[in-house]
$ cat protein-v8.txt   # compact mmCIF, C-alpha atoms
# COMPACT_ATOMS: atom_id res chain seq x y z
CA MET A 1 77.97 -36.37 94.47
CA GLU A 2 80.50 -34.34 92.51
CA SER A 3 80.23 -32.23 89.35
CA PHE A 4 82.34 -30.70 86.63
CA GLU A 5 81.89 -28.31 83.76
CA VAL A 6 82.01 -29.06 80.02
CA LYS A 7 82.34 -26.23 77.51
CA THR A 8 81.04 -27.15 74.07
CA ARG A 9 81.96 -25.33 70.90
CA GLN A 10 79.45 -26.41 68.26
CA ARG A 11 75.70 -26.91 68.00
CA THR A 12 76.11 -30.70 68.01
CA GLU A 13 79.28 -32.26 69.35
CA PHE A 14 80.47 -35.23 71.43
CA VAL A 15 83.09 -34.38 74.09
CA GLU A 16 84.91 -37.27 75.72
CA ILE A 17 84.80 -37.07 79.53
CA THR A 18 86.10 -40.51 80.58
CA ASP A 19 89.20 -39.17 82.37
CA ARG A 20 87.29 -36.51 84.26
CA VAL A 21 84.77 -39.06 85.52
CA ARG A 22 87.63 -41.40 86.47
CA GLN A 23 89.26 -38.63 88.54
CA ILE A 24 86.06 -38.30 90.57
CA LEU A 25 85.86 -42.07 91.08
CA GLN A 26 89.45 -42.24 92.24
CA GLY A 27 89.07 -39.34 94.65
CA ASN A 28 86.08 -41.18 96.06
CA GLY A 29 87.71 -44.37 97.26
CA ILE A 30 85.01 -46.71 95.89
CA ARG A 31 86.68 -50.01 94.85
CA ASP A 32 83.67 -52.10 93.87
CA GLY A 33 80.25 -50.87 92.80
CA ILE A 34 78.74 -48.55 90.20
CA CYS A 35 79.15 -44.98 89.07
CA VAL A 36 76.21 -43.02 87.62
CA VAL A 37 77.12 -40.12 85.33
CA TYR A 38 74.22 -37.69 84.95
CA CYS A 39 73.41 -34.86 82.53
CA PRO A 40 71.13 -32.20 84.09
CA HIS A 41 70.27 -30.64 80.70
CA THR A 42 67.31 -31.42 78.42
CA THR A 43 69.09 -30.65 75.14
CA ALA A 44 72.19 -32.76 75.80
CA ALA A 45 72.84 -36.39 76.77
CA LEU A 46 75.49 -38.92 77.79
CA THR A 47 76.59 -42.04 75.96
CA ILE A 48 79.30 -44.70 75.86
CA ASN A 49 80.87 -45.40 72.47
CA GLU A 50 84.14 -45.81 70.59
CA ASN A 51 86.90 -43.34 71.43
CA ALA A 52 89.57 -44.63 69.03
CA ASP A 53 88.54 -43.35 65.58
CA PRO A 54 86.94 -39.87 65.60
CA ASP A 55 85.10 -40.80 62.38
CA VAL A 56 82.74 -42.90 64.50
CA VAL A 57 81.51 -39.78 66.32
CA HIS A 58 81.28 -37.95 62.97
CA ASP A 59 79.05 -40.71 61.58
CA MET A 60 76.88 -40.85 64.70
CA LEU A 61 76.27 -37.10 64.60
CA SER A 62 75.69 -37.26 60.87
CA TRP A 63 72.90 -39.83 61.26
CA LEU A 64 71.35 -38.02 64.25
CA ASN A 65 71.31 -34.65 62.48
CA ARG A 66 69.93 -36.09 59.24
CA SER A 67 67.26 -38.23 60.92
CA ILE A 68 66.20 -35.58 63.42
CA PRO A 69 66.44 -32.25 61.55
CA GLN A 70 66.24 -29.00 63.52
CA GLN A 71 63.27 -27.67 61.53
CA GLN A 72 60.22 -29.87 61.00
CA PRO A 73 56.83 -28.66 59.69
CA ASP A 74 54.73 -29.65 62.72
CA PHE A 75 57.15 -28.59 65.45
CA ARG A 76 55.59 -26.04 67.82
CA HIS A 77 58.25 -25.32 70.45
CA GLY A 78 59.27 -21.69 69.97
CA GLU A 79 62.95 -22.08 70.85
CA GLY A 80 63.72 -24.03 67.65
CA ASN A 81 65.60 -26.78 69.48
CA SER A 82 63.04 -29.58 69.59
CA ASP A 83 65.47 -31.79 67.70
CA ALA A 84 67.88 -31.46 70.63
CA HIS A 85 65.18 -32.53 73.11
CA ILE A 86 64.40 -35.59 70.99
CA LYS A 87 68.07 -36.56 70.68
CA SER A 88 68.44 -36.09 74.44
CA SER A 89 65.68 -38.59 75.23
CA LEU A 90 66.86 -41.13 72.64
CA VAL A 91 70.49 -41.11 73.78
CA GLY A 92 69.61 -40.72 77.46
CA ALA A 93 70.35 -38.48 80.43
CA SER A 94 72.70 -40.85 82.23
CA VAL A 95 75.13 -43.72 81.85
CA THR A 96 75.92 -46.29 84.52
CA LEU A 97 79.49 -47.59 84.71
CA LEU A 98 80.64 -50.66 86.62
CA VAL A 99 83.52 -50.33 89.09
CA GLU A 100 85.96 -53.09 90.03
CA ASN A 101 89.33 -52.74 91.78
CA GLY A 102 88.85 -48.98 91.93
CA ASP A 103 88.49 -48.44 88.17
CA PHE A 104 85.79 -48.61 85.52
CA VAL A 105 85.15 -51.87 83.71
CA LEU A 106 85.13 -50.39 80.22
CA GLY A 107 85.47 -52.35 77.01
CA ARG A 108 88.67 -51.85 75.04
CA TRP A 109 87.16 -49.20 72.74
CA GLN A 110 84.71 -47.59 75.14
CA GLY A 111 84.78 -43.98 76.30
CA VAL A 112 82.15 -41.82 78.01
CA TYR A 113 80.87 -38.91 75.93
CA PHE A 114 79.00 -35.72 76.77
CA CYS A 115 76.64 -35.25 73.80
CA GLU A 116 75.87 -31.62 73.03
CA PHE A 117 72.78 -31.15 70.86
CA ASP A 118 72.11 -27.41 71.27
CA GLY A 119 75.47 -25.73 71.80
CA PRO A 120 77.76 -24.08 72.10
CA ARG A 121 77.10 -23.82 75.84
CA THR A 122 78.70 -24.30 79.23
CA ARG A 123 77.28 -27.51 80.69
CA ARG A 124 77.49 -29.50 83.95
CA VAL A 125 77.97 -33.22 84.53
CA HIS A 126 77.17 -34.89 87.88
CA VAL A 127 78.77 -38.10 89.12
CA GLN A 128 77.52 -40.33 91.94
CA CYS A 129 79.44 -43.48 92.94
CA LEU A 130 77.91 -46.26 95.05
CA GLY A 131 79.60 -49.32 96.54
CA LYS A 132 82.45 -49.95 98.94
CA MET B 1 81.08 -58.26 89.33
CA GLU B 2 80.56 -61.35 87.21
CA SER B 3 80.58 -61.93 83.45
CA PHE B 4 79.44 -64.41 80.84
CA GLU B 5 79.89 -64.97 77.14
CA VAL B 6 77.31 -64.59 74.36
CA LYS B 7 77.97 -66.05 70.92
CA THR B 8 75.98 -64.34 68.19
CA ARG B 9 75.29 -65.86 64.79
CA GLN B 10 74.08 -63.03 62.56
CA ARG B 11 75.07 -59.46 61.81
CA THR B 12 72.07 -58.12 63.74
CA GLU B 13 70.35 -60.30 66.30
CA PHE B 14 68.77 -60.12 69.77
CA VAL B 15 69.76 -62.94 72.16
CA GLU B 16 67.73 -63.33 75.33
CA ILE B 17 69.94 -63.46 78.45
CA THR B 18 67.40 -63.13 81.28
CA ASP B 19 68.11 -66.55 82.79
CA ARG B 20 71.87 -66.11 82.70
CA VAL B 21 71.63 -62.77 84.47
CA ARG B 22 69.24 -64.31 87.03
CA GLN B 23 71.76 -67.08 87.76
CA ILE B 24 74.35 -64.45 88.67
CA LEU B 25 71.89 -62.60 90.89
CA GLN B 26 70.94 -65.78 92.71
CA GLY B 27 74.56 -66.82 93.26
CA ASN B 28 75.11 -63.37 94.73
CA GLY B 29 72.70 -63.46 97.64
CA ILE B 30 71.31 -59.94 97.06
CA ARG B 31 67.62 -59.92 98.15
CA ASP B 32 66.73 -56.26 97.70
CA GLY B 33 68.45 -53.71 95.46
CA ILE B 34 69.41 -53.30 91.82
CA CYS B 35 71.32 -55.23 89.21
CA VAL B 36 73.19 -53.44 86.42
CA VAL B 37 73.78 -55.46 83.24
CA TYR B 38 76.57 -53.95 81.13
CA CYS B 39 77.74 -54.40 77.53
CA PRO B 40 81.47 -53.62 77.08
CA HIS B 41 81.17 -53.41 73.26
CA THR B 42 80.55 -50.33 71.10
CA THR B 43 78.69 -52.14 68.29
CA ALA B 44 76.22 -53.99 70.54
CA ALA B 45 73.76 -53.00 73.27
CA LEU B 46 71.35 -54.27 75.91
CA THR B 47 67.60 -53.77 76.12
CA ILE B 48 64.49 -54.98 77.90
CA ASN B 49 61.55 -55.95 75.71
CA GLU B 50 58.94 -58.61 74.98
CA ASN B 51 60.13 -62.23 75.09
CA ALA B 52 56.82 -63.94 74.22
CA ASP B 53 56.37 -63.47 70.46
CA PRO B 54 59.63 -63.60 68.44
CA ASP B 55 57.96 -61.41 65.79
CA VAL B 56 58.46 -58.44 68.12
CA VAL B 57 62.24 -58.82 67.88
CA HIS B 58 61.91 -59.30 64.10
CA ASP B 59 60.01 -56.03 63.80
CA MET B 60 62.42 -54.13 66.06
CA LEU B 61 65.43 -55.27 64.03
CA SER B 62 63.56 -54.54 60.82
CA TRP B 63 62.95 -50.91 61.82
CA LEU B 64 66.50 -50.46 63.15
CA ASN B 65 68.10 -51.85 59.99
CA ARG B 66 65.87 -49.86 57.65
CA SER B 67 66.21 -46.57 59.56
CA ILE B 68 69.94 -46.91 60.18
CA PRO B 69 71.35 -48.56 57.02
CA GLN B 70 74.90 -49.90 57.05
CA GLN B 71 76.02 -47.77 54.11
CA GLN B 72 75.32 -44.05 54.09
CA PRO B 73 76.87 -41.51 51.69
CA ASP B 74 78.57 -39.31 54.29
CA PHE B 75 79.86 -42.05 56.60
CA ARG B 76 83.65 -41.89 57.03
CA HIS B 77 84.52 -44.71 59.47
CA GLY B 78 86.56 -47.22 57.51
CA GLU B 79 85.26 -50.37 59.21
CA GLY B 80 81.83 -50.05 57.61
CA ASN B 81 79.98 -50.56 60.89
CA SER B 82 78.98 -47.02 61.82
CA ASP B 83 75.34 -48.12 61.80
CA ALA B 84 76.18 -50.53 64.62
CA HIS B 85 77.77 -47.74 66.70
CA ILE B 86 74.67 -45.59 66.22
CA LYS B 87 72.31 -48.43 67.19
CA SER B 88 74.51 -49.11 70.23
CA SER B 89 74.15 -45.54 71.56
CA LEU B 90 70.41 -45.38 70.83
CA VAL B 91 69.58 -48.67 72.54
CA GLY B 92 72.17 -48.19 75.29
CA ALA B 93 75.13 -49.96 76.87
CA SER B 94 73.36 -51.07 80.06
CA VAL B 95 70.05 -51.93 81.64
CA THR B 96 69.23 -51.59 85.32
CA LEU B 97 66.93 -54.20 86.86
CA LEU B 98 65.18 -53.92 90.22
CA VAL B 99 65.60 -56.74 92.74
CA GLU B 100 63.05 -57.70 95.40
CA ASN B 101 62.87 -60.94 97.43
CA GLY B 102 65.96 -62.20 95.61
CA ASP B 103 64.52 -61.98 92.09
CA PHE B 104 64.08 -59.39 89.36
CA VAL B 105 60.94 -57.29 89.29
CA LEU B 106 60.21 -57.82 85.60
CA GLY B 107 56.92 -57.12 83.91
CA ARG B 108 54.95 -60.12 82.65
CA TRP B 109 56.33 -59.88 79.10
CA GLN B 110 59.78 -58.49 79.84
CA GLY B 111 63.07 -60.23 79.09
CA VAL B 112 66.64 -58.91 78.91
CA TYR B 113 68.23 -59.00 75.46
CA PHE B 114 71.80 -58.78 74.24
CA CYS B 115 71.52 -56.78 70.98
CA GLU B 116 74.15 -57.68 68.40
CA PHE B 117 74.58 -55.05 65.68
CA ASP B 118 77.86 -56.15 64.07
CA GLY B 119 78.06 -59.91 64.40
CA PRO B 120 78.55 -62.72 64.33
CA ARG B 121 80.98 -62.40 67.23
CA THR B 122 81.77 -63.74 70.68
CA ARG B 123 80.72 -61.08 73.19
CA ARG B 124 80.86 -60.51 76.97
CA VAL B 125 78.19 -59.27 79.37
CA HIS B 126 79.04 -57.95 82.85
CA VAL B 127 76.65 -57.98 85.82
CA GLN B 128 76.98 -55.97 89.02
CA CYS B 129 74.39 -56.31 91.81
CA LEU B 130 74.03 -53.78 94.65
CA GLY B 131 71.84 -53.99 97.76
CA LYS B 132 71.51 -56.33 100.70
CA MET C 1 60.76 -51.01 96.32
CA GLU C 2 57.51 -49.08 95.93
CA SER C 3 55.09 -48.70 93.02
CA PHE C 4 52.32 -46.47 91.79
CA GLU C 5 49.75 -46.47 89.01
CA VAL C 6 49.60 -44.24 85.95
CA LYS C 7 46.42 -44.03 83.87
CA THR C 8 47.05 -42.92 80.31
CA ARG C 9 44.37 -41.49 78.04
CA GLN C 10 45.79 -41.60 74.52
CA ARG C 11 47.68 -44.06 72.34
CA THR C 12 50.90 -42.06 72.69
CA GLU C 13 51.31 -39.64 75.56
CA PHE C 14 53.92 -38.44 78.08
CA VAL C 15 52.67 -38.15 81.69
CA GLU C 16 54.88 -36.29 84.14
CA ILE C 17 55.53 -38.31 87.31
CA THR C 18 58.31 -36.30 89.01
CA ASP C 19 56.25 -35.45 92.11
CA ARG C 20 55.03 -39.01 92.60
CA VAL C 21 58.58 -40.35 92.44
CA ARG C 22 59.72 -37.63 94.85
CA GLN C 23 57.04 -38.66 97.35
CA ILE C 24 58.44 -42.19 97.37
CA LEU C 25 61.99 -40.91 97.84
CA GLN C 26 60.94 -38.70 100.73
CA GLY C 27 59.01 -41.48 102.48
CA ASN C 28 62.16 -43.56 102.14
CA GLY C 29 64.59 -41.49 104.16
CA ILE C 30 67.47 -41.79 101.64
CA ARG C 31 69.53 -38.57 101.80
CA ASP C 32 72.40 -39.40 99.44
CA GLY C 33 72.44 -41.99 96.66
CA ILE C 34 70.43 -42.90 93.57
CA CYS C 35 66.84 -43.63 92.69
CA VAL C 36 65.97 -46.01 89.85
CA VAL C 37 62.53 -45.51 88.27
CA TYR C 38 61.45 -48.60 86.32
CA CYS C 39 58.73 -49.30 83.73
CA PRO C 40 57.59 -52.96 83.75
CA HIS C 41 55.84 -52.65 80.36
CA THR C 42 57.24 -53.41 76.89
CA THR C 43 55.15 -50.82 75.02
CA ALA C 44 55.94 -47.88 77.30
CA ALA C 45 59.11 -46.22 78.61
CA LEU C 46 60.52 -43.60 80.97
CA THR C 47 62.49 -40.48 80.12
CA ILE C 48 63.78 -37.22 81.57
CA ASN C 49 63.06 -34.08 79.56
CA GLU C 50 61.72 -30.52 79.70
CA ASN C 51 58.61 -29.96 81.79
CA ALA C 52 58.18 -26.22 81.23
CA ASP C 53 56.73 -25.89 77.70
CA PRO C 54 54.25 -28.66 76.74
CA ASP C 55 55.14 -28.06 73.08
CA VAL C 56 58.42 -29.93 73.70
CA VAL C 57 56.48 -33.12 74.47
CA HIS C 58 54.26 -32.48 71.44
CA ASP C 59 57.31 -32.24 69.18
CA MET C 60 58.97 -35.33 70.69
CA LEU C 61 55.84 -37.43 70.13
CA SER C 62 55.43 -35.96 66.68
CA TRP C 63 58.93 -37.08 65.63
CA LEU C 64 58.54 -40.52 67.27
CA ASN C 65 55.18 -41.19 65.62
CA ARG C 66 56.34 -40.00 62.20
CA SER C 67 59.68 -41.85 62.29
CA ILE C 68 58.25 -45.07 63.74
CA PRO C 69 54.79 -45.47 62.16
CA GLN C 70 52.38 -48.03 63.59
CA GLN C 71 51.97 -49.88 60.29
CA GLN C 72 55.04 -50.91 58.31
CA PRO C 73 55.04 -53.33 55.35
CA ASP C 74 57.38 -55.96 56.86
CA PHE C 75 56.04 -55.97 60.41
CA ARG C 76 54.87 -59.42 61.50
CA HIS C 77 53.74 -59.04 65.11
CA GLY C 78 49.99 -59.67 65.12
CA GLU C 79 49.04 -57.17 67.81
CA GLY C 80 49.82 -54.18 65.58
CA ASN C 81 51.90 -52.42 68.23
CA SER C 82 55.45 -53.14 67.08
CA ASP C 83 56.06 -49.39 66.83
CA ALA C 84 55.42 -49.17 70.58
CA HIS C 85 57.96 -51.92 71.31
CA ILE C 86 60.57 -50.09 69.21
CA LYS C 87 59.89 -46.75 70.92
CA SER C 88 60.12 -48.52 74.28
CA SER C 89 63.63 -49.85 73.59
CA LEU C 90 64.87 -46.56 72.12
CA VAL C 91 63.64 -44.41 75.01
CA GLY C 92 64.42 -47.03 77.65
CA ALA C 93 62.74 -48.94 80.47
CA SER C 94 64.30 -46.99 83.34
CA VAL C 95 65.81 -43.70 84.41
CA THR C 96 68.35 -43.26 87.19
CA LEU C 97 68.13 -40.09 89.29
CA LEU C 98 70.81 -38.78 91.64
CA VAL C 99 69.87 -37.98 95.23
CA GLU C 100 71.58 -35.38 97.44
CA ASN C 101 70.28 -33.85 100.69
CA GLY C 102 67.15 -35.98 100.41
CA ASP C 103 66.02 -34.65 97.01
CA PHE C 104 66.69 -35.30 93.35
CA VAL C 105 69.48 -33.44 91.61
CA LEU C 106 67.43 -32.42 88.58
CA GLY C 107 68.38 -29.73 86.12
CA ARG C 108 66.25 -26.59 86.12
CA TRP C 109 64.01 -27.78 83.26
CA GLN C 110 64.05 -31.53 83.93
CA GLY C 111 61.04 -33.65 84.82
CA VAL C 112 60.52 -37.42 84.79
CA TYR C 113 57.99 -38.68 82.24
CA PHE C 114 56.08 -41.92 81.84
CA CYS C 115 55.96 -42.45 78.06
CA GLU C 116 52.87 -44.28 76.85
CA PHE C 117 53.23 -45.74 73.36
CA ASP C 118 50.23 -48.13 73.21
CA GLY C 119 47.52 -46.63 75.40
CA PRO C 120 45.19 -45.80 76.79
CA ARG C 121 46.00 -48.23 79.60
CA THR C 122 46.49 -48.46 83.34
CA ARG C 123 50.24 -48.80 83.95
CA ARG C 124 52.61 -49.33 86.90
CA VAL C 125 55.88 -47.59 87.77
CA HIS C 126 58.37 -49.08 90.25
CA VAL C 127 60.87 -47.04 92.28
CA GLN C 128 63.94 -48.35 94.09
CA CYS C 129 66.19 -45.98 96.08
CA LEU C 130 69.73 -46.91 97.17
CA GLY C 131 72.10 -45.00 99.44
CA LYS C 132 72.03 -43.76 103.01
$ encode --input "protein-v8.txt" --output "C-alpha cells"
Amino acid sequence: MESFEVKTRQRTEFVEITDRVRQILQGNGIRDGICVVYCPHTTAALTINENADPDVVHDMLSWLNRSIPQQQPDFRHGEGNSDAHIKSSLVGASVTLLVENGDFVLGRWQGVYFCEFDGPRTRRVHVQCLGK
Amino acid sequence: MESFEVKTRQRTEFVEITDRVRQILQGNGIRDGICVVYCPHTTAALTINENADPDVVHDMLSWLNRSIPQQQPDFRHGEGNSDAHIKSSLVGASVTLLVENGDFVLGRWQGVYFCEFDGPRTRRVHVQCLGK
Amino acid sequence: MESFEVKTRQRTEFVEITDRVRQILQGNGIRDGICVVYCPHTTAALTINENADPDVVHDMLSWLNRSIPQQQPDFRHGEGNSDAHIKSSLVGASVTLLVENGDFVLGRWQGVYFCEFDGPRTRRVHVQCLGK
C-alpha cells in the first residue's frame, strides 16, 4: 500500500488525482488487475467523473451543496459538518480502477477525484494494487 | 479483462446485465474471489438492486429524476447533462461482486444494473475477475 | 468467503460492524491486500463513516429519511419500501477496505456500518479477503 497527500483550499472542492494514482500503479509493476483508491476521512470521498470541462465539477458541487445544506434544523452533531459526512457516504470512501497492460482502463472523459467536503485541510489518499 | 456492449433506448433507464457478467465470470475459470464490473462513462453508472418487480426500477428512476432535474438555474456545463454526471457519481462507476464456487454470491433479489442517465447511447461495460 | 448475521431493531438504523469484519480478516491470515464487505439485500447497504459521535449517524439518517420519504405520489412498487431501494443504491451494496500488516487501514474516525433501510430484520453480511 502507498499513500500521498492532498491539500485542499476550499470547504467543498474536487481535486483531480488521476496522475498521482497512476504514478503509484506504475511504480508497483502490476500489469493486470485492480487498483483500489481509498479515502481515510469521514468528511471527504473519492469519485470518478469527467475531467475535461471544469463546469461539470462546478455543477456537481452546486447540486450537492444545495441538496445537502450545512445547517439543517434537526442536525445534532456539534461540529457543524454533518453535511460533509452525508456527502462522504453518498459519494463513497473508495473507487476501484481496472488495470490492463500496466495502465488504468479509464473511459475517454474519466478522471479520479478527491472530493473535499469539509476543507480546507491536508488529506491522505491510500492506494492498493492487486494482480500480477 | 473483458467487455461487452449495452444499447440503451431512453434518456434514463436501468438495463439488467447480471447474466452477461456471469458469462464472463464462467468463461474465466475463477472459482473463489471477486469480480469488479466497471462503467467507463461519466453519465452512466452501475448498481445492484432488485430484479423481481420492475416497479422498483421505476421508483428509483422517478426519485433520481425528480431530485436531480436536468435543468437547474446555476448549472454551467454547456452539454445540458450535468444531472447525469451527478447521478453517475452518486450511484457509482463500479460494483464489486463476491465469487464462491464459480458463481456470484448474490442475494435472492439482487441483480446487476447498467444505469443510463444520458441516453439513448451505445455503452461499454468492463469486467475484471480476481481470485483462483 | 465468510458471513455473519446482523439483527436490526428499527426501520432505518446504522449498526457498526467493524469488529466483526476484523475478526473474519484475522481468522483469514491475510496480511496485505483488500477486504470486500458485501450486503446481499436490496433494502440495506454498507458504508464507512464516523464512529465516535452517534449524532453523526442521527444526522445522516435524518437527511436520508427527509430527502427520500417512504411515500411518494408516483411510486408504484406495492411493498411500500421503494425509499429503501433508493437509499440502498445511493449508499452502495459493498465497501472495500485496505489491509496492511494484517489489519484494516482505517482513518482515525472511520468505522464500517451496516445500513438498515427497511427493518427491523435479520440480515447477512458477507466478507471476502484477497491478498497474501
$ calpha_fit_and_write --input "protein-v8.txt" --fixed "chain C" --moving "chain A" --output "mmCIF file with C-alpha atoms, in the frame of the given file"
data_model
loop_
_atom_site.group_PDB
_atom_site.id
_atom_site.type_symbol
_atom_site.label_atom_id
_atom_site.label_comp_id
_atom_site.auth_asym_id
_atom_site.auth_seq_id
_atom_site.Cartn_x
_atom_site.Cartn_y
_atom_site.Cartn_z
ATOM 1 C CA MET A 1 60.757 -51.025 96.327
ATOM 2 C CA GLU A 2 57.525 -49.086 95.928
ATOM 3 C CA SER A 3 55.088 -48.695 93.026
ATOM 4 C CA PHE A 4 52.311 -46.475 91.779
ATOM 5 C CA GLU A 5 49.757 -46.486 89.017
ATOM 6 C CA VAL A 6 49.596 -44.236 85.939
ATOM 7 C CA LYS A 7 46.413 -44.035 83.879
ATOM 8 C CA THR A 8 47.033 -42.919 80.310
ATOM 9 C CA ARG A 9 44.378 -41.501 78.040
ATOM 10 C CA GLN A 10 45.792 -41.609 74.515
ATOM 11 C CA ARG A 11 47.680 -44.066 72.329
ATOM 12 C CA THR A 12 50.902 -42.062 72.698
ATOM 13 C CA GLU A 13 51.311 -39.642 75.571
ATOM 14 C CA PHE A 14 53.922 -38.431 78.076
ATOM 15 C CA VAL A 15 52.674 -38.148 81.685
ATOM 16 C CA GLU A 16 54.869 -36.282 84.140
ATOM 17 C CA ILE A 17 55.531 -38.312 87.304
ATOM 18 C CA THR A 18 58.303 -36.306 89.012
ATOM 19 C CA ASP A 19 56.245 -35.459 92.119
ATOM 20 C CA ARG A 20 55.027 -39.005 92.609
ATOM 21 C CA VAL A 21 58.573 -40.361 92.441
ATOM 22 C CA ARG A 22 59.719 -37.632 94.848
ATOM 23 C CA GLN A 23 57.029 -38.664 97.360
ATOM 24 C CA ILE A 24 58.436 -42.199 97.375
ATOM 25 C CA LEU A 25 61.988 -40.905 97.845
ATOM 26 C CA GLN A 26 60.950 -38.705 100.734
ATOM 27 C CA GLY A 27 59.017 -41.467 102.466
ATOM 28 C CA ASN A 28 62.147 -43.567 102.149
ATOM 29 C CA GLY A 29 64.596 -41.500 104.149
ATOM 30 C CA ILE A 30 67.476 -41.803 101.648
ATOM 31 C CA ARG A 31 69.538 -38.564 101.775
ATOM 32 C CA ASP A 32 72.400 -39.402 99.431
ATOM 33 C CA GLY A 33 72.443 -41.994 96.668
ATOM 34 C CA ILE A 34 70.430 -42.898 93.577
ATOM 35 C CA CYS A 35 66.843 -43.643 92.701
ATOM 36 C CA VAL A 36 65.963 -46.018 89.841
ATOM 37 C CA VAL A 37 62.532 -45.522 88.272
ATOM 38 C CA TYR A 38 61.440 -48.599 86.323
ATOM 39 C CA CYS A 39 58.731 -49.296 83.736
ATOM 40 C CA PRO A 40 57.592 -52.958 83.751
ATOM 41 C CA HIS A 41 55.833 -52.650 80.363
ATOM 42 C CA THR A 42 57.234 -53.404 76.893
ATOM 43 C CA THR A 43 55.150 -50.818 75.026
ATOM 44 C CA ALA A 44 55.935 -47.871 77.306
ATOM 45 C CA ALA A 45 59.119 -46.228 78.609
ATOM 46 C CA LEU A 46 60.534 -43.605 80.972
ATOM 47 C CA THR A 47 62.498 -40.488 80.121
ATOM 48 C CA ILE A 48 63.770 -37.216 81.571
ATOM 49 C CA ASN A 49 63.060 -34.073 79.555
ATOM 50 C CA GLU A 50 61.728 -30.524 79.707
ATOM 51 C CA ASN A 51 58.597 -29.975 81.786
ATOM 52 C CA ALA A 52 58.181 -26.227 81.214
ATOM 53 C CA ASP A 53 56.728 -25.891 77.696
ATOM 54 C CA PRO A 54 54.264 -28.661 76.734
ATOM 55 C CA ASP A 55 55.155 -28.051 73.066
ATOM 56 C CA VAL A 56 58.415 -29.910 73.694
ATOM 57 C CA VAL A 57 56.501 -33.119 74.468
ATOM 58 C CA HIS A 58 54.258 -32.479 71.437
ATOM 59 C CA ASP A 59 57.321 -32.232 69.183
ATOM 60 C CA MET A 60 58.965 -35.316 70.685
ATOM 61 C CA LEU A 61 55.839 -37.407 70.135
ATOM 62 C CA SER A 62 55.433 -35.951 66.672
ATOM 63 C CA TRP A 63 58.922 -37.077 65.624
ATOM 64 C CA LEU A 64 58.550 -40.508 67.270
ATOM 65 C CA ASN A 65 55.188 -41.188 65.621
ATOM 66 C CA ARG A 66 56.346 -39.995 62.198
ATOM 67 C CA SER A 67 59.673 -41.853 62.291
ATOM 68 C CA ILE A 68 58.253 -45.055 63.749
ATOM 69 C CA PRO A 69 54.794 -45.459 62.164
ATOM 70 C CA GLN A 70 52.384 -48.028 63.605
ATOM 71 C CA GLN A 71 51.965 -49.879 60.296
ATOM 72 C CA GLN A 72 55.036 -50.917 58.316
ATOM 73 C CA PRO A 73 55.034 -53.360 55.366
ATOM 74 C CA ASP A 74 57.390 -55.965 56.861
ATOM 75 C CA PHE A 75 56.049 -55.960 60.416
ATOM 76 C CA ARG A 76 54.890 -59.428 61.502
ATOM 77 C CA HIS A 77 53.736 -59.042 65.112
ATOM 78 C CA GLY A 78 49.988 -59.673 65.107
ATOM 79 C CA GLU A 79 49.052 -57.172 67.815
ATOM 80 C CA GLY A 80 49.816 -54.159 65.584
ATOM 81 C CA ASN A 81 51.904 -52.409 68.234
ATOM 82 C CA SER A 82 55.448 -53.123 67.079
ATOM 83 C CA ASP A 83 56.056 -49.390 66.847
ATOM 84 C CA ALA A 84 55.413 -49.162 70.593
ATOM 85 C CA HIS A 85 57.964 -51.912 71.307
ATOM 86 C CA ILE A 86 60.564 -50.089 69.213
ATOM 87 C CA LYS A 87 59.901 -46.754 70.929
ATOM 88 C CA SER A 88 60.120 -48.521 74.295
ATOM 89 C CA SER A 89 63.618 -49.851 73.599
ATOM 90 C CA LEU A 90 64.873 -46.565 72.124
ATOM 91 C CA VAL A 91 63.645 -44.411 75.010
ATOM 92 C CA GLY A 92 64.418 -47.039 77.649
ATOM 93 C CA ALA A 93 62.744 -48.939 80.474
ATOM 94 C CA SER A 94 64.299 -46.992 83.333
ATOM 95 C CA VAL A 95 65.812 -43.699 84.405
ATOM 96 C CA THR A 96 68.350 -43.256 87.184
ATOM 97 C CA LEU A 97 68.126 -40.091 89.283
ATOM 98 C CA LEU A 98 70.807 -38.783 91.627
ATOM 99 C CA VAL A 99 69.880 -37.979 95.233
ATOM 100 C CA GLU A 100 71.567 -35.371 97.425
ATOM 101 C CA ASN A 101 70.276 -33.858 100.679
ATOM 102 C CA GLY A 102 67.142 -35.978 100.409
ATOM 103 C CA ASP A 103 66.017 -34.657 97.011
ATOM 104 C CA PHE A 104 66.692 -35.310 93.342
ATOM 105 C CA VAL A 105 69.479 -33.444 91.593
ATOM 106 C CA LEU A 106 67.436 -32.422 88.568
ATOM 107 C CA GLY A 107 68.379 -29.722 86.101
ATOM 108 C CA ARG A 108 66.243 -26.590 86.106
ATOM 109 C CA TRP A 109 63.999 -27.789 83.256
ATOM 110 C CA GLN A 110 64.041 -31.516 83.933
ATOM 111 C CA GLY A 111 61.033 -33.650 84.817
ATOM 112 C CA VAL A 112 60.512 -37.423 84.793
ATOM 113 C CA TYR A 113 57.989 -38.674 82.242
ATOM 114 C CA PHE A 114 56.063 -41.916 81.844
ATOM 115 C CA CYS A 115 55.964 -42.446 78.059
ATOM 116 C CA GLU A 116 52.870 -44.277 76.862
ATOM 117 C CA PHE A 117 53.229 -45.744 73.369
ATOM 118 C CA ASP A 118 50.243 -48.124 73.221
ATOM 119 C CA GLY A 119 47.513 -46.621 75.384
ATOM 120 C CA PRO A 120 45.189 -45.793 76.788
ATOM 121 C CA ARG A 121 46.003 -48.227 79.599
ATOM 122 C CA THR A 122 46.502 -48.466 83.337
ATOM 123 C CA ARG A 123 50.240 -48.800 83.945
ATOM 124 C CA ARG A 124 52.614 -49.339 86.895
ATOM 125 C CA VAL A 125 55.865 -47.593 87.782
ATOM 126 C CA HIS A 126 58.376 -49.075 90.262
ATOM 127 C CA VAL A 127 60.863 -47.041 92.281
ATOM 128 C CA GLN A 128 63.942 -48.350 94.095
ATOM 129 C CA CYS A 129 66.198 -45.986 96.078
ATOM 130 C CA LEU A 130 69.731 -46.913 97.162
ATOM 131 C CA GLY A 131 72.100 -45.000 99.435
ATOM 132 C CA LYS A 132 72.028 -43.753 103.002
#
$ residues_around --input "protein-v8.txt" --residues "B:Phe104" --least-positions-apart "2" --cutoff "9 Å" --atoms "only C-alpha atoms" --output "number ranges by chain"
B: 22, 25, 34-35, 97-102, 106
$ closest_residue --input "protein-v8.txt" --among "C:Thr96, C:Ser3, C:Gln128, C:Gln26" --to "chain A" --atoms "only C-alpha atoms"
C:Thr96
